[in-house]
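Student: Below is the file start-v9.tsv, which contains TSV, C-alpha atoms.
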```
chain	number	residue	atom	x	y	z
G	1054	VAL	CA	79.29	-36.98	12.65
G	1055	LEU	CA	80.42	-38.38	15.98
G	1056	ALA	CA	79.40	-35.45	18.17
G	1057	ARG	CA	80.69	-34.90	21.67
G	1058	LEU	CA	80.04	-32.37	24.42
G	1059	VAL	CA	83.24	-30.80	25.76
G	1060	VAL	CA	83.36	-30.22	29.51
G	1061	ARG	CA	86.09	-27.93	30.86
G	1062	HIS	CA	86.97	-27.04	34.43
G	1063	ASP	CA	84.98	-23.81	34.05
G	1064	THR	CA	81.89	-25.37	32.43
G	1065	ASP	CA	78.64	-24.36	34.12
G	1066	ILE	CA	77.01	-27.77	34.59
G	1067	ALA	CA	73.72	-26.11	35.61
G	1068	LYS	CA	73.54	-24.39	32.19
G	1069	VAL	CA	74.37	-27.64	30.43
G	1070	ALA	CA	71.62	-29.34	32.46
G	1071	ALA	CA	69.14	-26.57	31.59
G	1072	TYR	CA	69.85	-27.00	27.87
G	1073	TRP	CA	70.07	-30.79	27.55
G	1074	GLY	CA	67.78	-31.79	30.41
G	1075	ASN	CA	64.51	-30.31	29.12
G	1076	MET	CA	63.85	-32.99	26.51
G	1077	PRO	CA	61.28	-35.60	27.54
G	1078	GLY	CA	62.98	-38.96	27.91
G	1079	VAL	CA	66.36	-37.50	28.92
G	1080	ARG	CA	67.30	-38.30	32.50
G	1081	PHE	CA	69.93	-35.65	33.05
G	1082	THR	CA	70.32	-36.70	36.68
G	1083	ASP	CA	71.94	-39.88	35.34
G	1084	VAL	CA	74.49	-37.89	33.32
G	1085	ARG	CA	75.21	-35.06	35.75
G	1086	PRO	CA	77.71	-37.03	37.95
G	1087	LEU	CA	79.69	-37.95	34.84
G	1088	LEU	CA	79.81	-34.30	33.71
G	1089	GLU	CA	80.86	-33.20	37.20
G	1090	SER	CA	83.69	-35.76	37.17
G	1091	LEU	CA	84.86	-34.57	33.73
G	1092	LYS	CA	84.86	-31.00	35.03
G	1093	GLN	CA	87.29	-32.03	37.77
G	1094	LEU	CA	89.92	-33.29	35.32
G	1095	PRO	CA	92.79	-30.82	34.77
G	1096	ASP	CA	92.05	-30.53	31.04
G	1097	GLY	CA	88.37	-31.43	31.28
G	1098	GLY	CA	86.93	-34.14	29.08
G	1099	ASN	CA	84.11	-34.91	26.71
G	1100	ILE	CA	81.06	-37.11	26.43
G	1101	SER	CA	79.21	-38.46	23.41
G	1102	LEU	CA	75.92	-36.73	22.62
G	1103	LEU	CA	74.47	-40.23	22.61
G	1104	TYR	CA	74.11	-39.94	26.41
G	1105	LEU	CA	72.04	-36.76	26.06
G	1106	LEU	CA	69.44	-38.22	23.70
G	1107	PRO	CA	66.11	-39.73	24.75
G	1108	LYS	CA	65.85	-43.53	24.61
G	1109	PHE	CA	64.09	-43.60	21.22
G	1110	ALA	CA	66.95	-41.71	19.53
G	1111	ARG	CA	69.70	-43.30	21.63
G	1112	ASP	CA	68.55	-46.80	20.65
G	1113	ARG	CA	68.63	-45.95	16.94
G	1114	LEU	CA	71.63	-43.63	16.49
G	1115	TYR	CA	74.11	-45.07	13.95
G	1116	THR	CA	71.94	-48.13	13.33
G	1117	PHE	CA	69.89	-49.29	10.36
G	1118	PRO	CA	66.27	-50.41	10.55
G	1119	LEU	CA	65.45	-53.96	9.57
G	1120	PRO	CA	63.87	-54.37	6.13
G	1121	PRO	CA	60.17	-53.60	6.59
G	1122	GLN	CA	57.57	-56.32	6.70
G	1123	PRO	CA	54.04	-55.82	5.35
G	1124	GLY	CA	52.07	-53.54	7.66
G	1125	GLU	CA	55.11	-52.17	9.48
G	1126	PRO	CA	55.74	-48.42	9.60
G	1127	ASN	CA	57.99	-46.64	7.15
G	1128	MET	CA	60.70	-45.38	9.47
G	1129	ASP	CA	61.40	-42.18	7.55
G	1130	CYS	CA	62.40	-38.67	8.60
G	1131	HIS	CA	58.96	-37.60	9.87
G	1132	TRP	CA	58.40	-40.81	11.83
G	1133	THR	CA	61.85	-40.28	13.36
G	1134	THR	CA	61.59	-36.55	14.09
G	1135	PHE	CA	58.18	-36.61	15.71
G	1136	ASN	CA	58.84	-39.79	17.71
G	1137	PHE	CA	62.25	-38.50	18.88
G	1138	SER	CA	61.31	-38.42	22.57
G	1139	SER	CA	58.47	-40.94	22.50
G	1140	ASP	CA	58.36	-44.02	24.69
G	1141	THR	CA	56.25	-45.78	22.07
G	1142	PRO	CA	56.50	-44.66	18.43
G	1143	ASP	CA	53.35	-43.20	16.89
G	1144	ASN	CA	52.99	-44.69	13.42
G	1145	ARG	CA	50.54	-41.98	12.33
G	1146	PHE	CA	53.63	-39.94	11.41
G	1147	ASN	CA	53.88	-42.18	8.32
G	1148	ASN	CA	50.92	-40.23	6.97
G	1149	GLN	CA	52.04	-36.95	5.34
G	1150	GLY	CA	48.64	-35.32	5.92
G	1151	PHE	CA	48.65	-36.24	9.62
G	1152	THR	CA	52.22	-35.00	10.04
G	1153	THR	CA	51.53	-31.69	8.27
G	1154	GLU	CA	48.45	-31.05	10.43
G	1155	TYR	CA	50.37	-32.07	13.55
G	1156	ILE	CA	53.06	-29.50	12.78
G	1157	LYS	CA	50.47	-26.75	12.12
G	1158	THR	CA	48.67	-27.51	15.40
G	1159	ASN	CA	51.61	-28.11	17.74
G	1160	PHE	CA	54.47	-25.93	16.45
G	1161	TYR	CA	55.12	-22.32	15.52
G	1162	PRO	CA	57.70	-20.90	13.10
G	1163	ILE	CA	61.02	-19.51	14.35
G	1164	ALA	CA	63.81	-17.70	12.48
G	1165	ALA	CA	66.59	-20.10	13.45
G	1166	PRO	CA	67.00	-23.07	15.80
G	1167	SER	CA	68.42	-22.31	19.21
G	1168	GLN	CA	66.89	-24.92	21.54
G	1169	TYR	CA	67.30	-28.66	21.76
G	1170	GLY	CA	64.07	-29.96	20.24
G	1171	ASP	CA	63.53	-27.31	17.59
G	1172	VAL	CA	62.66	-28.92	14.26
G	1173	LEU	CA	64.24	-28.31	10.86
G	1174	LEU	CA	61.84	-28.65	7.94
G	1175	LEU	CA	62.83	-28.71	4.28
G	1176	VAL	CA	59.95	-27.15	2.39
G	1177	THR	CA	59.19	-26.67	-1.31
G	1178	SER	CA	57.97	-23.35	-2.72
G	1179	GLU	CA	54.46	-24.87	-2.70
G	1180	GLY	CA	54.73	-25.53	1.05
G	1181	GLU	CA	55.19	-29.30	0.85
G	1182	ILE	CA	57.37	-30.62	3.66
G	1183	LYS	CA	60.00	-32.87	2.09
G	1184	HIS	CA	62.14	-33.59	5.16
G	1185	SER	CA	62.25	-33.04	8.89
G	1186	ALA	CA	65.05	-33.39	11.44
G	1187	MET	CA	65.47	-32.79	15.17
G	1188	PHE	CA	67.81	-29.93	16.13
G	1189	LEU	CA	70.34	-30.90	18.78
G	1190	ALA	CA	72.82	-28.03	19.18
G	1191	ASP	CA	75.15	-25.74	17.24
G	1192	ASP	CA	74.59	-26.89	13.63
G	1193	LEU	CA	73.69	-30.53	14.36
G	1194	VAL	CA	70.47	-32.43	13.74
G	1195	PHE	CA	69.32	-35.99	14.39
G	1196	THR	CA	67.87	-37.39	11.18
G	1197	LYS	CA	66.82	-40.38	9.15
G	1198	ASN	CA	67.22	-39.60	5.48
G	1199	GLY	CA	64.34	-41.30	3.72
G	1200	GLY	CA	62.40	-44.43	4.47
G	1201	ASN	CA	64.96	-46.77	2.92
G	1202	TYR	CA	66.19	-49.35	5.42
G	1203	ARG	CA	69.69	-48.87	4.00
G	1204	GLN	CA	69.81	-45.35	5.46
G	1205	PRO	CA	70.86	-45.16	9.13
G	1206	TRP	CA	69.71	-42.80	11.84
G	1207	MET	CA	72.50	-40.28	12.28
G	1208	ILE	CA	73.67	-36.89	13.43
G	1209	MET	CA	74.41	-34.50	10.55
G	1210	ARG	CA	75.50	-30.93	10.14
G	1211	ILE	CA	72.65	-28.79	8.82
G	1212	ALA	CA	74.73	-27.61	5.84
G	1213	ASP	CA	75.47	-31.22	4.86
G	1214	LEU	CA	71.79	-32.13	5.13
G	1215	LEU	CA	70.80	-29.17	2.95
G	1216	ALA	CA	73.49	-30.05	0.40
G	1217	SER	CA	72.15	-33.60	0.13
G	1218	TYR	CA	68.90	-32.32	-1.43
G	1219	PRO	CA	68.80	-31.39	-5.12
G	1220	ALA	CA	68.57	-27.72	-6.07
G	1221	ASN	CA	65.61	-28.37	-8.34
G	1222	PRO	CA	62.88	-28.01	-7.30
G	1223	PRO	CA	64.07	-25.35	-4.85
G	1224	ILE	CA	63.84	-26.33	-1.19
G	1225	ARG	CA	64.25	-23.96	1.71
G	1226	ALA	CA	64.97	-24.61	5.36
G	1227	ALA	CA	62.27	-23.60	7.81
G	1228	TYR	CA	62.37	-24.03	11.56
G	1229	VAL	CA	59.60	-24.65	14.06
G	1230	ARG	CA	59.37	-24.94	17.83
G	1231	ARG	CA	56.84	-26.89	19.88
G	1232	LYS	CA	54.15	-24.72	21.49
G	1233	SER	CA	54.18	-24.59	25.27
G	1234	GLU	CA	51.49	-26.65	26.88
```
Hey, can you dump this file as structure tokens for me?
Tutor:
Amino acid sequence: VLARLVVRHDTDIAKVAAYWGNMPGVRFTDVRPLLESLKQLPDGGNISLLYLLPKFARDRLYTFPLPPQPGEPNMDCHWTTFNFSSDTPDNRFNNQGFTTEYIKTNFYPIAAPSQYGDVLLLVTSEGEIKHSAMFLADDLVFTKNGGNYRQPWMIMRIADLLASYPANPPIRAAYVRRKSE
């Protein structure tokens, strides 16, 4: 998915800023003049979501990791999701137990994603978290499917992500939001 934000002459840039500008690592003040200029065009314009991602995600989107060397982190879905807005990646997210406890401590369940930064979890009936992805907007998530270096970081539609997982054993989507500090 090559996602873009459409800006029309009637777009409320303050609302766009409120939505996209709350993610750590996103400098919305750098993007605002561009959005304002697009708003001035007779038919408006659009901008890649790439510009609205924090540096960690922006640097990786549509790229592949190098083959791992001994001792290097497994850059899988959890490592990607929970480092999404980090300046320096935290390799503890390679540990399933650490990641599960981190989610329990720092997030709470929600019915459906509605904010940039909500997290999609794919969970087995036993409660094992098989996949995580960062919600962006609408039905789009930022994800890294598996730890294989042949899998790129990408933006996917939620339905496509769900369809990429086998039906057996059953996996359900669950959503969580970071607790306020």
Student: Step by step: start from the point (58.4, -22.8, 16.4) in the file's coordinates, keep every protein, DNA or RNA residue that has an atom no farther than 6 Å from it, count all atoms listed in the file, and write the set as a PDB file with C-alpha atoms, in the frame of the given file.
Tutor:
```pdb
ATOM      1  CA  PHE G1160      54.470 -25.930  16.450  1.00  0.00           C
ATOM      2  CA  TYR G1161      55.120 -22.320  15.520  1.00  0.00           C
ATOM      3  CA  PRO G1162      57.700 -20.900  13.100  1.00  0.00           C
ATOM      4  CA  ILE G1163      61.020 -19.510  14.350  1.00  0.00           C
ATOM      5  CA  VAL G1229      59.600 -24.650  14.060  1.00  0.00           C
ATOM      6  CA  ARG G1230      59.370 -24.940  17.830  1.00  0.00           C
ATOM      7  CA  ARG G1231      56.840 -26.890  19.880  1.00  0.00           C
TER       8      ARG G1231
END
```
Student: For region 1220-1227 of chain G, work out the shell of residues within 7 Å, counting all atoms listed in the file and skipping chain neighbours fewer than 2 positions away, then give it as a list in words.
Tutor: Leu1173, Leu1174, Leu1175, Val1176, Thr1177, Ser1178, Tyr1218 and Val1229 of chain G
Student: What would the file look like if the residues just selected were written as a PDB file, in the coordinates of the input with C-alpha atoms?
Tutor:
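Contents of the output file again-v3.pdb:
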```
ATOM      1  CA  LEU G1173      64.240 -28.310  10.860  1.00  0.00           C
ATOM      2  CA  LEU G1174      61.840 -28.650   7.940  1.00  0.00           C
ATOM      3  CA  LEU G1175      62.830 -28.710   4.280  1.00  0.00           C
ATOM      4  CA  VAL G1176      59.950 -27.150   2.390  1.00  0.00           C
ATOM      5  CA  THR G1177      59.190 -26.670  -1.310  1.00  0.00           C
ATOM      6  CA  SER G1178      57.970 -23.350  -2.720  1.00  0.00           C
ATOM      7  CA  TYR G1218      68.900 -32.320  -1.430  1.00  0.00           C
ATOM      8  CA  VAL G1229      59.600 -24.650  14.060  1.00  0.00           C
TER       9      VAL G1229
END
```
Student: Between G:Leu1091, G:Leu1119, G:Leu1114, G:Val1060, single out the one closest to Phe1195 (chain G), counting all atoms listed in the file.
Tutor: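 Going through G:Leu1091, G:Leu1119, G:Leu1114, G:Val1060 one by one, the smallest distance to Phe1195 (chain G) is for G:Leu1114.
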Student: I need the residue nearest Met1207 (chain G) from this list: G:Val1059, G:Ile1182, G:Ala1070, G:Val1194. Use all atoms listed in the file for the distance.
Tutor: G:Val1194
Student: Kindly indicate which residue among G:Trp1206, G:Tyr1169, G:Phe1146, G:Tyr1228 lies nearest to Asn1127 (chain G), using only C-alpha atoms for the distances.
Tutor: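 Closest candidate: G:Phe1146.
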Student: Please list as number ranges by chain every residue within 8 Å of Asn1198 (chain G), counting only C-alpha atoms and excluding residues in the same chain fewer than 6 positions away.
Tutor: G: 1129-1130, 1184, 1204-1206
Student: When you count only C-alpha atoms, which of these residues is closest to Leu1106 (chain G): G:Ile1156, G:Val1079, G:Ile1066, G:Leu1088?
Tutor: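 For Leu1106 (chain G), the nearest of the given residues is G:Val1079.
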Student: Quick one, how far is CA of Val1172 (chain G) from CA of Ala1186 (chain G)?
Tutor: 5.8 Å
Student: Go ahead and compute the interatomic distance for CA of Ala1165 (chain G) and CA of Asn1136 (chain G), in Å to one decimal.
Tutor: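 CA of Ala1165 (chain G) sits 21.6 Å away from CA of Asn1136 (chain G).
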Student: With distances taken over all atoms listed in the file, which of G:Tyr1072, G:Asn1099, G:Glu1125, G:Leu1055 is nearest to Ala1190 (chain G)?
Tutor: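 The answer is G:Tyr1072, which sits nearest to Ala1190 (chain G).
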Student: At what distance in Å, to one decimal, does CA of Gln1093 (chain G) lie from CA of Asp1191 (chain G)?
Tutor: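 About the pair CA of Asp1191 (chain G) and CA of Gln1093 (chain G): they are 24.7 Å apart.
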Student: Reconstruct N, CA, C and O atoms of region 1186-1203 of chain G from the incomplete input and present them as a PDB file, in the coordinates of the input.
Tutor:
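Once written, selection.pdb looks like this:
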```
ATOM      1  N   ALA G1186      63.954 -32.906  10.600  1.00  0.00           N
ATOM      2  CA  ALA G1186      65.050 -33.390  11.440  1.00  0.00           C
ATOM      3  C   ALA G1186      64.981 -32.670  12.783  1.00  0.00           C
ATOM      4  O   ALA G1186      64.507 -31.539  12.869  1.00  0.00           O
ATOM      5  N   MET G1187      65.489 -33.328  13.811  1.00  0.00           N
ATOM      6  CA  MET G1187      65.470 -32.790  15.170  1.00  0.00           C
ATOM      7  C   MET G1187      66.765 -32.029  15.448  1.00  0.00           C
ATOM      8  O   MET G1187      67.854 -32.602  15.352  1.00  0.00           O
ATOM      9  N   PHE G1188      66.638 -30.746  15.805  1.00  0.00           N
ATOM     10  CA  PHE G1188      67.810 -29.930  16.130  1.00  0.00           C
ATOM     11  C   PHE G1188      68.356 -30.362  17.475  1.00  0.00           C
ATOM     12  O   PHE G1188      67.611 -30.517  18.450  1.00  0.00           O
ATOM     13  N   LEU G1189      69.678 -30.533  17.530  1.00  0.00           N
ATOM     14  CA  LEU G1189      70.340 -30.900  18.780  1.00  0.00           C
ATOM     15  C   LEU G1189      71.044 -29.685  19.392  1.00  0.00           C
ATOM     16  O   LEU G1189      70.679 -29.236  20.465  1.00  0.00           O
ATOM     17  N   ALA G1190      72.045 -29.180  18.697  1.00  0.00           N
ATOM     18  CA  ALA G1190      72.820 -28.030  19.180  1.00  0.00           C
ATOM     19  C   ALA G1190      73.715 -27.553  18.054  1.00  0.00           C
ATOM     20  O   ALA G1190      73.970 -28.283  17.094  1.00  0.00           O
ATOM     21  N   ASP G1191      74.207 -26.320  18.194  1.00  0.00           N
ATOM     22  CA  ASP G1191      75.150 -25.740  17.240  1.00  0.00           C
ATOM     23  C   ASP G1191      74.566 -25.857  15.831  1.00  0.00           C
ATOM     24  O   ASP G1191      73.610 -25.182  15.509  1.00  0.00           O
ATOM     25  N   ASP G1192      75.135 -26.700  14.981  1.00  0.00           N
ATOM     26  CA  ASP G1192      74.590 -26.890  13.630  1.00  0.00           C
ATOM     27  C   ASP G1192      74.297 -28.374  13.383  1.00  0.00           C
ATOM     28  O   ASP G1192      74.399 -28.856  12.266  1.00  0.00           O
ATOM     29  N   LEU G1193      73.895 -29.085  14.434  1.00  0.00           N
ATOM     30  CA  LEU G1193      73.690 -30.530  14.360  1.00  0.00           C
ATOM     31  C   LEU G1193      72.221 -30.917  14.490  1.00  0.00           C
ATOM     32  O   LEU G1193      71.495 -30.363  15.326  1.00  0.00           O
ATOM     33  N   VAL G1194      71.820 -31.886  13.670  1.00  0.00           N
ATOM     34  CA  VAL G1194      70.470 -32.430  13.740  1.00  0.00           C
ATOM     35  C   VAL G1194      70.544 -33.952  13.800  1.00  0.00           C
ATOM     36  O   VAL G1194      71.497 -34.566  13.310  1.00  0.00           O
ATOM     37  N   PHE G1195      69.522 -34.546  14.406  1.00  0.00           N
ATOM     38  CA  PHE G1195      69.320 -35.990  14.390  1.00  0.00           C
ATOM     39  C   PHE G1195      68.345 -36.258  13.257  1.00  0.00           C
ATOM     40  O   PHE G1195      67.295 -35.619  13.175  1.00  0.00           O
ATOM     41  N   THR G1196      68.689 -37.194  12.376  1.00  0.00           N
ATOM     42  CA  THR G1196      67.870 -37.390  11.180  1.00  0.00           C
ATOM     43  C   THR G1196      67.879 -38.825  10.716  1.00  0.00           C
ATOM     44  O   THR G1196      68.759 -39.615  11.066  1.00  0.00           O
ATOM     45  N   LYS G1197      66.899 -39.123   9.915  1.00  0.00           N
ATOM     46  CA  LYS G1197      66.820 -40.380   9.150  1.00  0.00           C
ATOM     47  C   LYS G1197      66.476 -39.944   7.746  1.00  0.00           C
ATOM     48  O   LYS G1197      65.398 -39.423   7.491  1.00  0.00           O
ATOM     49  N   ASN G1198      67.396 -40.104   6.839  1.00  0.00           N
ATOM     50  CA  ASN G1198      67.220 -39.600   5.480  1.00  0.00           C
ATOM     51  C   ASN G1198      66.482 -40.616   4.617  1.00  0.00           C
ATOM     52  O   ASN G1198      67.075 -41.532   4.072  1.00  0.00           O
ATOM     53  N   GLY G1199      65.177 -40.434   4.531  1.00  0.00           N
ATOM     54  CA  GLY G1199      64.340 -41.300   3.720  1.00  0.00           C
ATOM     55  C   GLY G1199      63.872 -42.522   4.481  1.00  0.00           C
ATOM     56  O   GLY G1199      64.309 -42.814   5.590  1.00  0.00           O
ATOM     57  N   GLY G1200      62.964 -43.243   3.852  1.00  0.00           N
ATOM     58  CA  GLY G1200      62.400 -44.430   4.470  1.00  0.00           C
ATOM     59  C   GLY G1200      63.132 -45.709   4.110  1.00  0.00           C
ATOM     60  O   GLY G1200      62.740 -46.785   4.532  1.00  0.00           O
ATOM     61  N   ASN G1201      64.208 -45.602   3.349  1.00  0.00           N
ATOM     62  CA  ASN G1201      64.960 -46.770   2.920  1.00  0.00           C
ATOM     63  C   ASN G1201      65.671 -47.385   4.117  1.00  0.00           C
ATOM     64  O   ASN G1201      66.357 -46.689   4.865  1.00  0.00           O
ATOM     65  N   TYR G1202      65.548 -48.693   4.280  1.00  0.00           N
ATOM     66  CA  TYR G1202      66.190 -49.350   5.420  1.00  0.00           C
ATOM     67  C   TYR G1202      67.711 -49.370   5.301  1.00  0.00           C
ATOM     68  O   TYR G1202      68.406 -49.700   6.252  1.00  0.00           O
ATOM     69  N   ARG G1203      68.233 -48.951   4.173  1.00  0.00           N
ATOM     70  CA  ARG G1203      69.690 -48.870   4.000  1.00  0.00           C
ATOM     71  C   ARG G1203      70.255 -47.530   4.488  1.00  0.00           C
ATOM     72  O   ARG G1203      71.448 -47.307   4.422  1.00  0.00           O
TER      73      ARG G1203
END
```
